[in-house]
Amino acid sequence: MKITRRQLRRLINEIRIKPGGDMNPEYLEKLTGLIDTGDESFITQADELAPMIGYEGNSFSQDLKAYDQLSIMGAAGEFAHYLTDDLIQKLMNVRGKDLRYGLYSWAGFGFAFEDGSRVISPDDFYEMQYRIAAKKRDIDDDDIEEHEGMSTGVEADNKLTKAIMSLSNKTYVSTSTMYDAGIGETRITPEGIAINFYDPEYEALHKAGKLVITEN
């Protein structure tokens, strides 16, 4: 799913409100109802009816799906067009869930559910990171070499980490992981854990309850 900034703005502004034209809200509700059934015959029917009542795109159901994904993904929607459909789905899977962010030995950083099962493995994170750094959906070894260890790679790492934390309900991070991941430093005081964040956006996530610091 490759979407330009212009297309993204169009989808956000038009789908559900004015999907390509002045669509009666009652008709729009009926079309989305057909699509929400998940039945392929109803979805086809919605796509056939949409142009008759004001929709001007190529596929109403696909545009609606794209918008739903991008709106759900929030900050991650900024770089969604660099990711494969499989990687986008992995991001969708973390929405509203409690996660743990950590370093998985030599494999690198990744995200897991509270039961320990990995939802975004270090390999997944690595793929996402360098697609975002290269600003390309398809990357090769040269792209990785260009950005690995460089400021662009680090920036992509932090952008992706913060986006995933924003999508989650809460992401638990240990004090040791905080330092290793370049999020910040902590120290134990009589009042609890004192935190020095390196990036104000991580501090904002912490204040919002999205980033929860634990002692282990």
# chains A, B, ... in the order shown; residues from 1 in each chain; ligands from 1
>>> select_by_dssp(residues="segment 34-186 of chain A", states="strand (DSSP E)", output="list in words")
Asp98, Leu99, Arg100, Tyr101, Gly102, Leu103, Phe109, Gly110, Phe111, Ala112, Phe113, Arg118, Val119, Ile120, Lys170, Thr171, Tyr172, Val173, Ser174, Gly184, Glu185 and Thr186 of chain A
>>> write_last_selection(atoms="N, CA and C atoms", output="PDB file, in the first residue's frame")
ATOM      1  N   ASP A  98      -1.223  -4.140  25.852  1.00  0.00           N
ATOM      2  CA  ASP A  98      -0.114  -3.927  26.771  1.00  0.00           C
ATOM      3  C   ASP A  98       1.109  -4.655  26.225  1.00  0.00           C
ATOM      4  N   LEU A  99       2.210  -3.925  26.116  1.00  0.00           N
ATOM      5  CA  LEU A  99       3.421  -4.466  25.513  1.00  0.00           C
ATOM      6  C   LEU A  99       4.597  -4.344  26.465  1.00  0.00           C
ATOM      7  N   ARG A 100       5.644  -5.089  26.141  1.00  0.00           N
ATOM      8  CA  ARG A 100       6.930  -4.936  26.820  1.00  0.00           C
ATOM      9  C   ARG A 100       8.001  -4.744  25.755  1.00  0.00           C
ATOM     10  N   TYR A 101       8.800  -3.707  25.937  1.00  0.00           N
ATOM     11  CA  TYR A 101       9.866  -3.379  24.992  1.00  0.00           C
ATOM     12  C   TYR A 101      11.187  -3.803  25.614  1.00  0.00           C
ATOM     13  N   GLY A 102      11.972  -4.587  24.866  1.00  0.00           N
ATOM     14  CA  GLY A 102      13.211  -5.058  25.452  1.00  0.00           C
ATOM     15  C   GLY A 102      14.234  -5.485  24.429  1.00  0.00           C
ATOM     16  N   LEU A 103      15.415  -5.817  24.932  1.00  0.00           N
ATOM     17  CA  LEU A 103      16.531  -6.274  24.114  1.00  0.00           C
ATOM     18  C   LEU A 103      16.571  -7.793  24.170  1.00  0.00           C
ATOM     19  N   PHE A 109      16.367  -5.165  19.621  1.00  0.00           N
ATOM     20  CA  PHE A 109      15.175  -4.745  20.350  1.00  0.00           C
ATOM     21  C   PHE A 109      13.906  -5.210  19.643  1.00  0.00           C
ATOM     22  N   GLY A 110      12.879  -5.436  20.450  1.00  0.00           N
ATOM     23  CA  GLY A 110      11.596  -5.830  19.898  1.00  0.00           C
ATOM     24  C   GLY A 110      10.497  -5.624  20.927  1.00  0.00           C
ATOM     25  N   PHE A 111       9.273  -5.908  20.532  1.00  0.00           N
ATOM     26  CA  PHE A 111       8.113  -5.745  21.403  1.00  0.00           C
ATOM     27  C   PHE A 111       7.408  -7.089  21.588  1.00  0.00           C
ATOM     28  N   ALA A 112       6.977  -7.341  22.816  1.00  0.00           N
ATOM     29  CA  ALA A 112       6.256  -8.575  23.123  1.00  0.00           C
ATOM     30  C   ALA A 112       4.995  -8.239  23.902  1.00  0.00           C
ATOM     31  N   PHE A 113       4.029  -9.161  23.850  1.00  0.00           N
ATOM     32  CA  PHE A 113       2.859  -9.037  24.702  1.00  0.00           C
ATOM     33  C   PHE A 113       3.274  -9.383  26.134  1.00  0.00           C
ATOM     34  N   ARG A 118       6.157 -12.666  21.232  1.00  0.00           N
ATOM     35  CA  ARG A 118       6.628 -11.500  20.496  1.00  0.00           C
ATOM     36  C   ARG A 118       5.613 -11.073  19.443  1.00  0.00           C
ATOM     37  N   VAL A 119       5.310  -9.801  19.431  1.00  0.00           N
ATOM     38  CA  VAL A 119       4.375  -9.268  18.444  1.00  0.00           C
ATOM     39  C   VAL A 119       5.135  -8.533  17.341  1.00  0.00           C
ATOM     40  N   ILE A 120       6.224  -7.862  17.704  1.00  0.00           N
ATOM     41  CA  ILE A 120       7.133  -7.265  16.720  1.00  0.00           C
ATOM     42  C   ILE A 120       8.532  -7.730  17.091  1.00  0.00           C
ATOM     43  N   LYS A 170      -0.289   0.395  26.877  1.00  0.00           N
ATOM     44  CA  LYS A 170       0.868   0.743  27.684  1.00  0.00           C
ATOM     45  C   LYS A 170       2.044  -0.091  27.212  1.00  0.00           C
ATOM     46  N   THR A 171       3.222   0.493  27.258  1.00  0.00           N
ATOM     47  CA  THR A 171       4.437  -0.265  26.964  1.00  0.00           C
ATOM     48  C   THR A 171       5.338  -0.198  28.182  1.00  0.00           C
ATOM     49  N   TYR A 172       5.655  -1.369  28.724  1.00  0.00           N
ATOM     50  CA  TYR A 172       6.508  -1.445  29.905  1.00  0.00           C
ATOM     51  C   TYR A 172       7.972  -1.563  29.481  1.00  0.00           C
ATOM     52  N   VAL A 173       8.806  -0.724  30.078  1.00  0.00           N
ATOM     53  CA  VAL A 173      10.231  -0.698  29.760  1.00  0.00           C
ATOM     54  C   VAL A 173      11.014  -0.707  31.069  1.00  0.00           C
ATOM     55  N   SER A 174      11.982  -1.610  31.179  1.00  0.00           N
ATOM     56  CA  SER A 174      12.786  -1.676  32.398  1.00  0.00           C
ATOM     57  C   SER A 174      13.794  -0.538  32.417  1.00  0.00           C
ATOM     58  N   GLY A 184      16.572   7.132  28.032  1.00  0.00           N
ATOM     59  CA  GLY A 184      16.864   8.006  29.152  1.00  0.00           C
ATOM     60  C   GLY A 184      17.610   7.282  30.249  1.00  0.00           C
ATOM     61  N   GLU A 185      17.826   7.974  31.357  1.00  0.00           N
ATOM     62  CA  GLU A 185      18.508   7.407  32.517  1.00  0.00           C
ATOM     63  C   GLU A 185      17.575   7.447  33.715  1.00  0.00           C
ATOM     64  N   THR A 186      17.754   6.503  34.611  1.00  0.00           N
ATOM     65  CA  THR A 186      16.932   6.469  35.816  1.00  0.00           C
ATOM     66  C   THR A 186      17.825   6.307  37.048  1.00  0.00           C
TER      67      THR A 186
END
>>> residues_around(residues="Asp86 of chain A", least_positions_apart="5", cutoff="10 Å", atoms="only C-alpha atoms", output="PyMOL selection string")
chain A and resi 91-92+124
>>> residues_around(residues="Asp142 of chain A", least_positions_apart="5", cutoff="12 Å", atoms="only C-alpha atoms", output="PyMOL selection string")
chain A and resi 130-131+134+147-148
>>> closest_residue(among="A:Leu28, A:Val154, A:Asp39, A:Ala80", to="Pro51 of chain A", atoms="only C-alpha atoms")
A:Leu28
>>> atom_distance(atom1="atom CA of Ile139 of chain A", atom2="atom CA of Glu127 of chain A")
8.8 Å
>>> residues_around(residues="Ala50 of chain A", least_positions_apart="3", cutoff="10 Å", atoms="only C-alpha atoms", output="list in words")
Pro19, Gly20, Met23, Tyr27, Leu28, Leu31, Gln45, Ala46, Asp47, Ile53, Gly54, Tyr55, Glu56, Gly57, Asn58, Ser59, Phe60 and Ser61 of chain A
>>> residues_around(residues="Ile43 of chain A", least_positions_apart="5", cutoff="12 Å", atoms="only C-alpha atoms", output="list in words")
Lys30, Leu31, Thr32, Gly33, Leu34, Ile35, Asp36, Thr37, Gly38, Glu48, Leu49, Ala50, Ser59, Phe60, Ser61, Gln62, Leu64 and Lys65 of chain A
>>> write_last_selection(atoms="C-alpha atoms", output="compact mmCIF listing (two decimals), in the first residue's frame")
# COMPACT_ATOMS: atom_id res chain seq x y z
CA LYS A 30 -25.14 1.64 4.04
CA LEU A 31 -22.01 1.17 1.92
CA THR A 32 -19.74 0.85 4.93
CA GLY A 33 -22.26 -1.57 6.44
CA LEU A 34 -21.96 -3.80 3.38
CA ILE A 35 -18.17 -3.71 3.62
CA ASP A 36 -18.16 -4.40 7.35
CA THR A 37 -19.92 -7.74 6.78
CA GLY A 38 -16.69 -9.09 5.32
CA GLU A 48 -20.20 -1.01 -7.72
CA LEU A 49 -22.73 1.26 -6.01
CA ALA A 50 -20.27 3.85 -4.66
CA SER A 59 -12.12 1.23 -5.16
CA PHE A 60 -14.27 2.44 -2.30
CA SER A 61 -13.59 -0.63 -0.15
CA GLN A 62 -9.81 -0.41 -0.62
CA LEU A 64 -11.84 2.72 3.20
CA LYS A 65 -9.47 -0.03 4.35
>>> atom_distance(atom1="atom CA of Lys159 of chain A", atom2="atom CA of Ile195 of chain A")
20.3 Å
>>> closest_residue(among="A:Asp115, A:Gly149, A:Glu155, A:Lys162", to="Ala133 of chain A", atoms="only C-alpha atoms")
A:Glu155
>>> atom_distance(atom1="atom CA of Asn169 of chain A", atom2="atom CA of Arg95 of chain A")
7.0 Å
>>> residues_around(residues="Gly192 of chain A", least_positions_apart="5", cutoff="12 Å", atoms="only C-alpha atoms", output="list in words")
Thr186, Arg187, Ile213, Thr214 and Glu215 of chain A
